[in-house]
file start.txt (compact mmCIF, C-alpha atoms (C1' of nucleotides))
# COMPACT_ATOMS: atom_id res chain seq x y z
CA MET A 1 0.00 0.00 0.00
CA SER A 2 2.55 2.49 -1.15
CA GLN A 3 -0.19 4.87 -2.20
CA GLN A 4 -3.94 4.85 -1.98
CA ARG A 5 -5.80 4.35 -5.22
CA SER A 6 -9.25 4.29 -3.77
CA ASP A 7 -11.19 6.65 -6.01
CA THR A 8 -10.39 8.42 -9.24
CA ALA A 9 -6.93 9.39 -8.05
CA GLU A 10 -5.10 6.85 -10.21
CA THR A 11 -1.93 8.18 -11.69
CA GLY A 12 0.91 7.24 -14.00
CA THR A 13 0.79 3.91 -15.77
CA ARG A 14 -2.70 2.93 -14.75
CA ALA A 15 -4.19 6.27 -15.69
CA ARG A 16 -2.53 6.12 -19.10
CA THR A 17 -3.76 2.60 -19.81
CA ARG A 18 -7.25 3.46 -18.69
CA ARG A 19 -7.32 6.45 -20.99
CA ALA A 20 -6.00 4.45 -23.93
CA ILE A 21 -8.83 1.97 -23.45
CA LEU A 22 -11.48 4.66 -23.20
CA ASP A 23 -10.19 6.43 -26.31
CA ALA A 24 -10.05 3.21 -28.30
CA ALA A 25 -13.53 2.29 -27.15
CA VAL A 26 -14.93 5.59 -28.36
CA THR A 27 -13.21 5.17 -31.72
CA VAL A 28 -14.39 1.61 -32.26
CA LEU A 29 -17.89 1.93 -30.85
CA SER A 30 -18.52 5.04 -32.93
CA GLN A 31 -18.30 2.81 -35.97
CA ASP A 32 -20.28 -0.08 -34.50
CA ILE A 33 -21.88 -0.02 -31.09
CA SER A 34 -21.92 -3.84 -31.13
CA ALA A 35 -18.18 -4.17 -31.63
CA SER A 36 -16.59 -6.87 -29.48
CA LEU A 37 -14.41 -6.16 -26.47
CA GLY A 38 -11.65 -7.98 -28.31
CA ASP A 39 -11.73 -5.40 -31.08
CA ILE A 40 -11.58 -2.58 -28.59
CA ALA A 41 -8.68 -4.13 -26.73
CA ALA A 42 -6.79 -4.66 -29.97
CA THR A 43 -7.34 -1.07 -31.03
CA ALA A 44 -6.15 0.12 -27.63
CA GLY A 45 -3.04 -2.02 -27.99
CA VAL A 46 -3.94 -3.89 -24.85
CA GLY A 47 -4.69 -7.49 -23.97
CA ARG A 48 -8.29 -8.45 -23.50
CA THR A 49 -7.40 -9.65 -20.01
CA THR A 50 -6.04 -6.26 -19.11
CA MET A 51 -9.21 -4.59 -20.25
CA HIS A 52 -11.25 -6.82 -17.98
CA ARG A 53 -9.06 -5.67 -15.09
CA TYR A 54 -10.06 -2.07 -15.70
CA PHE A 55 -13.66 -2.70 -16.73
CA PRO A 56 -14.88 -6.07 -15.43
CA GLU A 57 -18.00 -6.07 -17.58
CA ARG A 58 -19.00 -4.45 -20.82
CA SER A 59 -21.52 -2.33 -18.99
CA ASP A 60 -18.74 -0.92 -16.80
CA LEU A 61 -16.88 0.24 -19.88
CA LEU A 62 -19.99 1.80 -21.39
CA ALA A 63 -20.76 3.60 -18.15
CA ALA A 64 -17.22 4.93 -17.97
CA ILE A 65 -17.44 6.19 -21.55
CA SER A 66 -20.71 7.90 -20.82
CA LEU A 67 -19.38 9.56 -17.70
CA ASP A 68 -16.19 10.63 -19.43
CA ALA A 69 -18.13 12.23 -22.28
CA LEU A 70 -20.35 14.06 -19.83
CA GLU A 71 -17.28 15.41 -18.03
CA GLN A 72 -15.80 16.59 -21.30
CA ALA A 73 -19.05 18.34 -22.14
CA ASP A 74 -19.04 20.03 -18.74
CA ALA A 75 -15.46 21.13 -19.25
CA ALA A 76 -16.42 22.56 -22.63
CA ALA A 77 -19.26 24.48 -21.01
CA THR A 78 -16.86 25.89 -18.45
CA ARG A 79 -14.42 27.00 -21.13
CA ALA A 80 -17.28 28.70 -22.96
CA ARG A 81 -17.86 31.01 -19.95
CA LEU A 82 -21.63 30.74 -20.33
CA ASP A 83 -22.30 33.61 -17.97
CA ASP A 84 -20.30 36.20 -19.91
CA GLY A 85 -21.81 38.66 -22.36
CA PRO A 86 -25.00 38.31 -24.41
CA GLY A 87 -26.74 34.92 -24.47
CA ALA A 88 -26.29 34.54 -28.20
CA ASP A 89 -22.53 34.94 -27.90
CA ALA A 90 -22.40 32.40 -25.08
CA VAL A 91 -24.31 29.89 -27.20
CA ASN A 92 -21.89 30.51 -30.04
CA ARG A 93 -18.88 29.90 -27.80
CA LEU A 94 -20.50 26.77 -26.41
CA CYS A 95 -20.96 25.33 -29.88
CA GLN A 96 -17.33 25.95 -30.70
CA GLU A 97 -16.16 24.21 -27.55
CA LEU A 98 -18.52 21.27 -27.92
CA PHE A 99 -17.43 20.81 -31.51
CA GLU A 100 -13.92 20.13 -30.27
CA VAL A 101 -15.12 17.22 -28.16
CA GLY A 102 -16.41 15.54 -31.30
CA ASP A 103 -16.15 11.75 -31.19
CA PRO A 104 -17.37 11.05 -27.65
CA LEU A 105 -20.40 13.25 -28.12
CA MET A 106 -21.18 11.70 -31.51
CA LEU A 107 -21.15 8.32 -29.85
CA LEU A 108 -23.62 9.45 -27.22
CA PHE A 109 -25.80 11.23 -29.72
CA ASN A 110 -26.10 8.13 -31.88
CA ASN A 111 -26.68 5.79 -28.94
CA PRO A 112 -29.13 7.26 -26.48
CA GLN A 113 -29.12 3.94 -24.64
CA LEU A 114 -25.72 4.97 -23.27
CA MET A 115 -27.33 7.85 -21.45
CA THR A 116 -29.20 5.76 -18.92
CA GLY A 117 -26.85 6.02 -15.95
CA LYS A 118 -27.62 7.75 -12.69
CA GLU A 119 -25.96 10.94 -13.90
CA TRP A 120 -28.49 11.24 -16.71
CA GLU A 121 -31.63 11.03 -14.62
CA GLU A 122 -34.18 13.56 -15.73
CA GLU A 123 -32.22 16.43 -17.18
CA SER A 124 -28.53 16.60 -16.57
CA ASP A 125 -26.97 19.67 -14.97
CA PHE A 126 -25.41 20.32 -18.32
CA ASP A 127 -28.77 20.54 -20.06
CA ARG A 128 -30.17 22.84 -17.39
CA GLU A 129 -27.19 25.14 -17.67
CA VAL A 130 -27.54 25.46 -21.41
CA MET A 131 -31.26 26.12 -21.22
CA ARG A 132 -30.56 28.82 -18.66
CA VAL A 133 -28.27 30.57 -21.14
CA VAL A 134 -30.91 30.39 -23.85
CA GLU A 135 -33.40 32.03 -21.55
CA ARG A 136 -30.89 34.73 -20.71
CA GLY A 137 -30.44 35.33 -24.42
CA ARG A 138 -34.17 35.82 -24.81
CA SER A 139 -34.18 38.33 -21.98
CA ASP A 140 -31.27 40.38 -23.26
CA GLY A 141 -32.73 40.46 -26.75
CA SER A 142 -29.92 38.55 -28.45
CA LEU A 143 -32.11 35.49 -29.12
CA ASP A 144 -35.59 34.99 -30.57
CA PRO A 145 -38.11 35.67 -27.77
CA ASP A 146 -40.26 32.81 -29.13
CA LEU A 147 -37.41 30.30 -28.88
CA ASP A 148 -38.24 27.36 -26.62
CA ALA A 149 -35.22 26.45 -24.49
CA ALA A 150 -35.66 22.68 -24.65
CA TRP A 151 -36.11 22.88 -28.40
CA ALA A 152 -33.03 25.06 -28.71
CA LEU A 153 -31.02 22.45 -26.84
CA GLN A 154 -32.15 19.76 -29.27
CA VAL A 155 -31.25 21.97 -32.21
CA VAL A 156 -27.77 22.72 -30.91
CA TRP A 157 -27.00 19.03 -30.59
CA ALA A 158 -28.53 18.25 -33.95
CA LEU A 159 -26.62 20.95 -35.80
CA LEU A 160 -23.36 19.95 -34.15
CA TYR A 161 -24.06 16.42 -35.31
CA SER A 162 -24.77 17.75 -38.78
CA ALA A 163 -21.44 19.52 -38.83
CA TRP A 164 -19.56 16.40 -37.80
CA MET A 165 -21.34 14.30 -40.41
CA HIS A 166 -20.96 16.93 -43.08
CA SER A 167 -17.24 16.95 -42.47
CA LEU A 168 -17.09 13.15 -42.58
CA GLU A 169 -19.31 12.55 -45.59
CA SER A 170 -18.57 15.53 -47.79
CA GLY A 171 -14.89 15.66 -46.93
CA VAL A 172 -15.26 19.29 -45.92
CA PRO A 173 -12.56 20.61 -43.54
CA LYS A 174 -13.67 20.58 -39.94
CA LEU A 175 -13.38 24.32 -39.58
CA THR A 176 -15.58 24.88 -42.60
CA ALA A 177 -18.21 22.58 -41.18
CA LEU A 178 -18.05 24.34 -37.84
CA SER A 179 -18.47 27.67 -39.57
CA LEU A 180 -21.59 26.45 -41.38
CA CYS A 181 -22.95 25.15 -38.11
CA LEU A 182 -22.36 28.40 -36.23
CA ARG A 183 -23.91 30.43 -38.99
CA THR A 184 -26.98 28.21 -39.09
CA VAL A 185 -27.41 28.27 -35.32
CA ASP A 186 -27.14 32.02 -35.38
CA LYS A 187 -29.77 32.44 -38.08
CA ALA A 188 -32.12 29.94 -36.46
CA PHE A 189 -31.91 31.52 -33.01
CA ARG A 190 -31.77 35.21 -33.96
CA PRO A 191 -34.82 37.34 -33.06
CA MET B 1 -47.30 -22.91 -59.90
CA SER B 2 -50.73 -21.41 -59.74
CA GLN B 3 -49.27 -17.92 -59.89
CA GLN B 4 -45.79 -16.54 -60.31
CA ARG B 5 -44.30 -14.89 -57.25
CA SER B 6 -40.90 -14.32 -58.72
CA ASP B 7 -40.20 -10.71 -57.88
CA THR B 8 -41.85 -8.16 -55.63
CA ALA B 9 -45.30 -9.01 -56.92
CA GLU B 10 -46.36 -10.88 -53.78
CA THR B 11 -49.91 -10.26 -52.82
CA GLY B 12 -52.46 -11.12 -50.17
CA THR B 13 -51.34 -13.18 -47.19
CA ARG B 14 -47.64 -13.14 -47.92
CA ALA B 15 -47.54 -9.40 -48.48
CA ARG B 16 -49.40 -8.80 -45.23
CA THR B 17 -47.10 -11.03 -43.20
CA ARG B 18 -44.06 -9.48 -44.76
CA ARG B 19 -45.27 -6.02 -43.89
CA ALA B 20 -46.08 -7.01 -40.31
CA ILE B 21 -42.53 -8.28 -39.89
CA LEU B 22 -41.01 -5.15 -41.39
CA ASP B 23 -43.12 -2.88 -39.19
CA ALA B 24 -42.31 -4.85 -36.06
CA ALA B 25 -38.64 -4.83 -36.94
CA VAL B 26 -38.63 -1.04 -37.27
CA THR B 27 -40.39 -0.67 -33.95
CA VAL B 28 -38.09 -3.02 -32.06
CA LEU B 29 -34.81 -2.05 -33.71
CA SER B 30 -35.53 1.62 -33.11
CA GLN B 31 -35.24 0.89 -29.42
CA ASP B 32 -32.23 -1.41 -29.72
CA ILE B 33 -30.44 -2.17 -32.94
CA SER B 34 -29.06 -5.34 -31.34
CA ALA B 35 -32.47 -6.77 -30.52
CA SER B 36 -32.79 -10.47 -31.26
CA LEU B 37 -34.78 -11.89 -34.15
CA GLY B 38 -36.89 -13.67 -31.58
CA ASP B 39 -37.98 -10.36 -30.10
CA ILE B 40 -38.87 -9.04 -33.52
CA ALA B 41 -40.85 -12.16 -34.41
CA ALA B 42 -42.75 -11.98 -31.12
CA THR B 43 -43.59 -8.32 -31.67
CA ALA B 44 -44.78 -9.12 -35.17
CA GLY B 45 -46.97 -11.89 -33.78
CA VAL B 46 -45.19 -14.42 -35.94
CA GLY B 47 -43.13 -17.54 -35.30
CA ARG B 48 -39.39 -17.23 -35.55
CA THR B 49 -39.46 -19.94 -38.18
CA THR B 50 -41.83 -17.95 -40.31
CA MET B 51 -39.57 -14.95 -40.14
CA HIS B 52 -36.67 -17.01 -41.42
CA ARG B 53 -38.83 -18.00 -44.38
CA TYR B 54 -39.21 -14.36 -45.38
CA PHE B 55 -35.74 -13.19 -44.40
CA PRO B 56 -33.29 -16.10 -44.27
CA GLU B 57 -30.58 -14.09 -42.50
CA ARG B 58 -30.56 -11.06 -40.27
CA SER B 59 -28.79 -9.10 -42.96
CA ASP B 60 -31.65 -9.82 -45.36
CA LEU B 61 -34.09 -8.27 -42.92
CA LEU B 62 -31.91 -5.22 -42.39
CA ALA B 63 -31.51 -4.72 -46.12
CA ALA B 64 -35.26 -4.97 -46.61
CA ILE B 65 -35.86 -2.39 -43.88
CA SER B 66 -33.36 -0.05 -45.45
CA LEU B 67 -34.90 -0.39 -48.89
CA ASP B 68 -38.41 0.04 -47.54
CA ALA B 69 -37.46 3.23 -45.72
CA LEU B 70 -35.86 4.61 -48.86
CA GLU B 71 -39.02 3.88 -50.82
CA GLN B 72 -41.14 5.64 -48.22
CA ALA B 73 -38.83 8.64 -48.40
CA ASP B 74 -39.17 8.67 -52.17
CA ALA B 75 -42.94 8.48 -51.88
CA ALA B 76 -42.87 11.40 -49.46
CA ALA B 77 -40.81 13.41 -51.92
CA THR B 78 -43.33 12.68 -54.63
CA ARG B 79 -46.23 13.78 -52.47
CA ALA B 80 -44.35 16.99 -51.69
CA ARG B 81 -44.41 17.94 -55.41
CA LEU B 82 -40.85 19.25 -55.25
CA ASP B 83 -41.10 20.95 -58.62
CA ASP B 84 -44.05 23.16 -57.74
CA GLY B 85 -43.75 26.77 -56.59
CA PRO B 86 -40.85 28.48 -54.84
CA GLY B 87 -38.01 26.30 -53.56
CA ALA B 88 -38.60 27.33 -49.97
CA ASP B 89 -42.20 26.14 -50.12
CA ALA B 90 -41.16 22.85 -51.65
CA VAL B 91 -38.64 22.29 -48.86
CA ASN B 92 -41.34 23.07 -46.32
CA ARG B 93 -43.72 20.56 -47.88
CA LEU B 94 -40.97 17.96 -48.00
CA CYS B 95 -40.29 18.32 -44.29
CA GLN B 96 -43.96 17.83 -43.53
CA GLU B 97 -44.15 14.69 -45.61
CA LEU B 98 -40.90 13.23 -44.26
CA PHE B 99 -42.06 13.90 -40.73
CA GLU B 100 -44.96 11.52 -41.31
CA VAL B 101 -42.59 8.69 -42.16
CA GLY B 102 -41.04 9.03 -38.71
CA ASP B 103 -39.93 5.70 -37.27
CA PRO B 104 -38.24 4.14 -40.29
CA LEU B 105 -36.25 7.28 -40.96
CA MET B 106 -35.27 7.63 -37.30
CA LEU B 107 -33.94 4.10 -37.43
CA LEU B 108 -31.82 4.88 -40.46
CA PHE B 109 -30.65 8.18 -39.06
CA ASN B 110 -29.48 6.54 -35.85
CA ASN B 111 -27.83 3.62 -37.62
CA PRO B 112 -25.87 4.75 -40.63
CA GLN B 113 -24.50 1.23 -40.93
CA LEU B 114 -27.91 0.30 -42.38
CA MET B 115 -27.28 2.57 -45.33
CA THR B 116 -24.57 0.48 -46.90
CA GLY B 117 -26.58 -1.35 -49.54
CA LYS B 118 -26.19 -0.94 -53.27
CA GLU B 119 -28.99 1.61 -53.37
CA TRP B 120 -27.01 3.95 -51.11
CA GLU B 121 -23.85 4.08 -53.17
CA GLU B 122 -22.56 7.61 -53.44
CA GLU B 123 -25.55 9.87 -53.17
CA SER B 124 -28.99 8.41 -53.50
CA ASP B 125 -31.43 9.75 -56.07
CA PHE B 126 -33.38 11.09 -53.16
CA ASP B 127 -30.49 13.21 -51.94
CA ARG B 128 -29.82 14.56 -55.41
CA GLU B 129 -33.44 15.50 -55.86
CA VAL B 130 -33.54 17.42 -52.60
CA MET B 131 -30.33 19.27 -53.32
CA ARG B 132 -31.76 20.24 -56.70
CA VAL B 133 -34.71 21.87 -54.97
CA VAL B 134 -32.42 23.78 -52.63
CA GLU B 135 -30.53 25.15 -55.58
CA ARG B 136 -33.78 26.14 -57.23
CA GLY B 137 -34.72 27.98 -54.04
CA ARG B 138 -31.50 29.91 -54.18
CA SER B 139 -32.16 30.89 -57.78
CA ASP B 140 -35.72 32.05 -57.21
CA GLY B 141 -34.66 34.06 -54.17
CA SER B 142 -36.71 32.12 -51.64
CA LEU B 143 -33.63 30.62 -49.96
CA ASP B 144 -30.33 32.05 -48.71
CA PRO B 145 -28.01 32.42 -51.73
CA ASP B 146 -25.09 31.36 -49.52
CA LEU B 147 -26.80 28.10 -48.50
CA ASP B 148 -24.76 25.04 -49.45
CA ALA B 149 -27.06 22.32 -50.81
CA ALA B 150 -25.28 19.39 -49.17
CA TRP B 151 -25.25 21.22 -45.87
CA ALA B 152 -28.93 22.05 -46.22
CA LEU B 153 -29.68 18.37 -46.71
CA GLN B 154 -27.85 17.51 -43.49
CA VAL B 155 -29.74 20.22 -41.64
CA VAL B 156 -33.11 19.05 -42.85
CA TRP B 157 -32.45 15.54 -41.58
CA ALA B 158 -31.02 16.82 -38.32
CA LEU B 159 -33.95 19.12 -37.59
CA LEU B 160 -36.45 16.42 -38.41
CA TYR B 161 -34.61 14.19 -36.00
CA SER B 162 -34.73 16.97 -33.43
CA ALA B 163 -38.47 17.25 -33.84
CA TRP B 164 -38.98 13.52 -33.37
CA MET B 165 -36.77 13.47 -30.30
CA HIS B 166 -38.31 16.60 -28.89
CA SER B 167 -41.71 15.02 -29.15
CA LEU B 168 -40.49 11.83 -27.51
CA GLU B 169 -38.45 13.34 -24.70
CA SER B 170 -40.40 16.46 -23.84
CA GLY B 171 -43.78 14.88 -24.39
CA VAL B 172 -44.70 17.64 -26.79
CA PRO B 173 -47.48 16.79 -29.28
CA LYS B 174 -46.16 15.73 -32.65
CA LEU B 175 -47.76 18.61 -34.46
CA THR B 176 -46.17 21.11 -32.10
CA ALA B 177 -42.77 19.56 -32.67
CA LEU B 178 -43.30 19.65 -36.42
CA SER B 179 -44.26 23.27 -36.20
CA LEU B 180 -41.07 24.13 -34.31
CA CYS B 181 -39.07 22.23 -36.89
CA LEU B 182 -40.65 23.97 -39.85
CA ARG B 183 -40.18 27.36 -38.27
CA THR B 184 -36.53 26.66 -37.53
CA VAL B 185 -35.83 25.35 -41.02
CA ASP B 186 -37.47 28.42 -42.46
CA LYS B 187 -35.41 30.81 -40.38
CA ALA B 188 -32.19 28.93 -41.02
CA PHE B 189 -32.67 28.80 -44.79
CA ARG B 190 -34.24 32.21 -45.41
CA PRO B 191 -32.12 34.76 -47.33
C1' DC C 1 -64.83 -30.02 -49.66
C1' DA C 2 -59.91 -30.95 -50.96
C1' DA C 3 -55.41 -29.52 -52.31
C1' DA C 4 -51.94 -26.19 -51.59
C1' DA C 5 -49.87 -22.72 -49.08
C1' DA C 6 -48.62 -20.69 -44.85
C1' DC C 7 -47.68 -21.16 -40.24
C1' DG C 8 -45.87 -22.33 -35.37
C1' DG C 9 -43.14 -24.85 -32.38
C1' DA C 10 -39.77 -28.09 -30.93
C1' DA C 11 -35.31 -29.73 -31.31
C1' DC C 12 -30.64 -29.36 -32.78
C1' DA C 13 -25.86 -27.92 -34.12
C1' DT C 14 -23.06 -24.02 -34.46
C1' DC C 15 -20.83 -19.91 -33.31
C1' DA C 16 -19.16 -15.62 -31.41
C1' DG C 17 -18.78 -12.98 -27.46
C1' DT C 18 -18.15 -12.88 -22.60
C1' DG C 19 -16.19 -13.44 -18.19
C1' DT C 20 -12.81 -16.07 -15.47
C1' DT C 21 -8.51 -18.34 -13.96
C1' DC C 22 -3.74 -19.22 -14.13
C1' DC C 23 0.90 -18.39 -15.18
C1' DA C 24 4.92 -16.44 -17.29
C1' DT C 25 7.05 -12.17 -18.83
C1' DG C 26 8.29 -7.26 -18.82
C1' DA C 27 8.73 -2.64 -16.85
C1' DG C 28 9.32 0.52 -13.20
C1' DA C 29 10.24 2.14 -8.38
C1' DG C 30 13.00 1.94 -4.42
C1' DC D 1 19.63 -5.19 -8.31
C1' DT D 2 15.25 -6.77 -6.49
C1' DC D 3 10.70 -6.61 -5.48
C1' DT D 4 6.31 -5.16 -6.90
C1' DC D 5 2.98 -4.00 -10.15
C1' DA D 6 1.06 -4.29 -14.59
C1' DT D 7 0.54 -6.97 -18.46
C1' DG D 8 -0.49 -10.53 -22.18
C1' DG D 9 -1.80 -14.92 -23.64
C1' DA D 10 -3.69 -19.44 -23.31
C1' DA D 11 -7.35 -22.21 -21.86
C1' DC D 12 -11.92 -22.91 -20.20
C1' DA D 13 -16.97 -22.80 -19.22
C1' DC D 14 -21.02 -20.41 -20.13
C1' DT D 15 -24.47 -17.99 -22.53
C1' DG D 16 -27.51 -16.22 -25.99
C1' DA D 17 -28.34 -15.64 -30.78
C1' DT D 18 -28.56 -17.77 -35.10
C1' DG D 19 -29.75 -20.70 -38.79
C1' DT D 20 -31.72 -25.19 -40.01
C1' DT D 21 -34.72 -29.26 -40.15
C1' DC D 22 -38.87 -31.65 -39.37
C1' DC D 23 -43.63 -32.25 -38.57
C1' DG D 24 -48.29 -31.34 -37.26
C1' DT D 25 -51.85 -27.65 -37.62
C1' DT D 26 -54.30 -23.79 -39.53
C1' DT D 27 -55.65 -20.89 -43.26
C1' DT D 28 -56.37 -19.77 -47.87
C1' DT D 29 -57.70 -20.87 -52.40
C1' DG D 30 -59.70 -23.19 -56.27
call {"tool": "encode", "arguments": {"input": "start.txt", "output": "structure tokens"}}
result
Amino acid sequence: MSQQRSDTAETGTRARTRRAILDAAVTVLSQDISASLGDIAATAGVGRTTMHRYFPERSDLLAAISLDALEQADAAATRARLDDGPGADAVNRLCQELFEVGDPLMLLFNNPQLMTGKEWEEESDFDREVMRVVERGRSDGSLDPDLDAAWALQVVWALLYSAWMHSLESGVPKLTALSLCLRTVDKAFRP
Amino acid sequence: MSQQRSDTAETGTRARTRRAILDAAVTVLSQDISASLGDIAATAGVGRTTMHRYFPERSDLLAAISLDALEQADAAATRARLDDGPGADAVNRLCQELFEVGDPLMLLFNNPQLMTGKEWEEESDFDREVMRVVERGRSDGSLDPDLDAAWALQVVWALLYSAWMHSLESGVPKLTALSLCLRTVDKAFRP
DNA sequence: CAAAAACGGAACATCAGTGTTCCATGAGAG
DNA sequence: CTCTCATGGAACACTGATGTTCCGTTTTTG
């Protein structure tokens, strides 16, 4: 017991391996949610046995992916400084930050069954925070006063998804796709 | 050999059973793309053996679903009379008609791996037709002249998906969700 | 009604993925 | 260097889905 590794405080080798597995899982499962654990382990450059040490069951891995994606989304929201300036600008910044997260969020978007953990009960804190910003935007006149917050949330996700897909399918550079997305969000939400 | 049933000309009992299986498959697979054939057969009110008579392998069923959805989308496009009136109006009508198709299109949207058949090579006729309308809308001034057709296609799908989800998750009536969708498309595509 | 078609269920072999155990090897910390 | 930790691979049992065959029953059709 040289050091305690009770909760999420793992460091060094173990943390690196864990991250490699999570990243590989996102990559592989994005293509096929039914991919085998063997495939994921191979992509991570890790033995299947090792993976079972980190995530005893498939459901453990899926839960970890879900949680990790949620944390990345929260971090993106923090970076976007949602409380600064007009609501419309905050929404714009949020889209930019979320776009960077890419793969993990695509995976969640395409597989709602992943969002069934305890942290997703009812609306997540993340969702509430975003809807709050939309309402602020309506108050300060930077967003359409008729815009429903829950609907706006759906649209943001959907247009981000569109941008990712557009980049993938049409071979458009990511920045171009992001630009299209931001422009469309702006037009759709403007008063 | 009382009657030939070589191609798609099946009629009566067989056609009805086939349709029941396809409908049940869409319903079940929408919830979980990995659902077992047994579940689908049970939902269809049909023996698993019977299902294997119509679709020998799982892949045959998936291909049939994919094709059926594409045909329904084509039918919707026809009903929308894409060549009539201003481009913006045609797009609006198309959204309304596609919205009615609902479940099958949701299934495809959530599972791009279903769209790998021969009929999906490159761009489908459907996609080309829609992009043609968008370009017409740009010419006649009813749509944003800067609107990229391929991007517009993505956005239409994404906002339809948003409407379906919004109705499901927020418990909003379908017509309300459709209305939000149409309004958002209009704002996003307007000059 | 009588023949033909469609159906359902039971039984079976097969297969891929999963989760587990055990052991030998390699890398890193002290 | 040496001890500890992390790892990879082989082997195994188990499970659930799949595809197939066979046969008796029901429904449709002529």
call {"tool": "closest_atom_pairs", "arguments": {"input": "start.txt", "of": "chain A", "to": "chain C", "cutoff": "9 Å", "atoms": "all atoms listed in the file", "output": "JSON lines"}}
result
{"residue": "A:Ser36", "atom": "CA", "partner": "C:DG17", "partner_atom": "C1'", "distance": 6.8}
{"residue": "A:Leu37", "atom": "CA", "partner": "C:DG17", "partner_atom": "C1'", "distance": 8.2}
{"residue": "A:Gly38", "atom": "CA", "partner": "C:DG17", "partner_atom": "C1'", "distance": 8.7}
{"residue": "A:His52", "atom": "CA", "partner": "C:DG19", "partner_atom": "C1'", "distance": 8.3}
{"residue": "A:Pro56", "atom": "CA", "partner": "C:DG19", "partner_atom": "C1'", "distance": 8.0}
{"residue": "A:Glu57", "atom": "CA", "partner": "C:DG19", "partner_atom": "C1'", "distance": 7.6}
{"residue": "A:Arg58", "atom": "CA", "partner": "C:DT18", "partner_atom": "C1'", "distance": 8.7}
call {"tool": "closest_atom_pairs", "arguments": {"input": "start.txt", "of": "chain B", "to": "chain A", "cutoff": "6 Å", "atoms": "all atoms listed in the file", "output": "CSV"}}
result
residue,atom,partner,partner_atom,distance
B:Asn110,CA,A:Asn110,CA,5.5
B:Gln154,CA,A:Ser162,CA,5.6
B:Ala158,CA,A:Ala158,CA,5.2
B:Ser162,CA,A:Gln154,CA,5.6
B:Thr184,CA,A:Ala188,CA,5.6
B:Lys187,CA,A:Ala188,CA,5.2
B:Ala188,CA,A:Ala188,CA,4.7
call {"tool": "residues_near_point", "arguments": {"input": "start.txt", "point": "(-2.4, -6.2, -19.0)", "cutoff": "6 Å", "atoms": "only C-alpha atoms (C1' of nucleotides)", "output": "PyMOL selection string"}}
result
(chain A and resi 47+50) or (chain D and resi 6-8)
call {"tool": "closest_atom_pairs", "arguments": {"input": "start.txt", "of": "chain A", "to": "chain D", "cutoff": "12 Å", "atoms": "all atoms listed in the file", "output": "JSON lines"}}
result
{"residue": "A:Met1", "atom": "CA", "partner": "D:DT4", "partner_atom": "C1'", "distance": 10.7}
{"residue": "A:Ser2", "atom": "CA", "partner": "D:DT4", "partner_atom": "C1'", "distance": 10.3}
{"residue": "A:Gly12", "atom": "CA", "partner": "D:DA6", "partner_atom": "C1'", "distance": 11.5}
{"residue": "A:Thr13", "atom": "CA", "partner": "D:DA6", "partner_atom": "C1'", "distance": 8.3}
{"residue": "A:Arg14", "atom": "CA", "partner": "D:DA6", "partner_atom": "C1'", "distance": 8.1}
{"residue": "A:Ala15", "atom": "CA", "partner": "D:DA6", "partner_atom": "C1'", "distance": 11.8}
{"residue": "A:Arg16", "atom": "CA", "partner": "D:DA6", "partner_atom": "C1'", "distance": 11.9}
{"residue": "A:Thr17", "atom": "CA", "partner": "D:DA6", "partner_atom": "C1'", "distance": 9.9}
{"residue": "A:Ala41", "atom": "CA", "partner": "D:DG8", "partner_atom": "C1'", "distance": 11.3}
{"residue": "A:Ala42", "atom": "CA", "partner": "D:DG8", "partner_atom": "C1'", "distance": 11.6}
{"residue": "A:Gly45", "atom": "CA", "partner": "D:DG8", "partner_atom": "C1'", "distance": 10.6}
{"residue": "A:Val46", "atom": "CA", "partner": "D:DG8", "partner_atom": "C1'", "distance": 7.9}
{"residue": "A:Gly47", "atom": "CA", "partner": "D:DG8", "partner_atom": "C1'", "distance": 5.5}
{"residue": "A:Arg48", "atom": "CA", "partner": "D:DG8", "partner_atom": "C1'", "distance": 8.2}
{"residue": "A:Thr49", "atom": "CA", "partner": "D:DG8", "partner_atom": "C1'", "distance": 7.3}
{"residue": "A:Thr50", "atom": "CA", "partner": "D:DT7", "partner_atom": "C1'", "distance": 6.7}
{"residue": "A:Met51", "atom": "CA", "partner": "D:DT7", "partner_atom": "C1'", "distance": 10.2}
{"residue": "A:His52", "atom": "CA", "partner": "D:DT7", "partner_atom": "C1'", "distance": 11.8}
{"residue": "A:Arg53", "atom": "CA", "partner": "D:DA6", "partner_atom": "C1'", "distance": 10.2}
{"residue": "A:Tyr54", "atom": "CA", "partner": "D:DA6", "partner_atom": "C1'", "distance": 11.4}
call {"tool": "atom_distance", "arguments": {"input": "start.txt", "atom1": "atom CA of A:Ala69", "atom2": "atom CA of A:Glu119"}}
result
11.5 Å
call {"tool": "atom_distance", "arguments": {"input": "start.txt", "atom1": "atom CA of B:Asp125", "atom2": "atom CA of B:Ser66"}}
result
14.6 Å
call {"tool": "atom_distance", "arguments": {"input": "start.txt", "atom1": "atom CA of B:Met115", "atom2": "atom CA of A:Ala35"}}
result
17.8 Å
call {"tool": "residues_around", "arguments": {"input": "start.txt", "residues": "B:Leu82", "least_positions_apart": "4", "cutoff": "10 Å", "atoms": "all atoms listed in the file", "output": "short mmCIF file (atom, residue, chain, number, x, y, z; two decimals) with C-alpha atoms, keeping the file's coordinate frame"}}
result
data_model
loop_
_atom_site.label_atom_id
_atom_site.label_comp_id
_atom_site.auth_asym_id
_atom_site.auth_seq_id
_atom_site.Cartn_x
_atom_site.Cartn_y
_atom_site.Cartn_z
CA ALA B 76 -42.87 11.40 -49.46
CA ALA B 77 -40.81 13.41 -51.92
CA THR B 78 -43.33 12.68 -54.63
CA PRO B 86 -40.85 28.48 -54.84
CA GLY B 87 -38.01 26.30 -53.56
CA ALA B 88 -38.60 27.33 -49.97
CA ASP B 89 -42.20 26.14 -50.12
CA ALA B 90 -41.16 22.85 -51.65
CA VAL B 91 -38.64 22.29 -48.86
CA ASN B 92 -41.34 23.07 -46.32
CA ARG B 93 -43.72 20.56 -47.88
CA LEU B 94 -40.97 17.96 -48.00
CA GLU B 129 -33.44 15.50 -55.86
CA VAL B 130 -33.54 17.42 -52.60
CA ARG B 132 -31.76 20.24 -56.70
CA VAL B 133 -34.71 21.87 -54.97
CA VAL B 134 -32.42 23.78 -52.63
#
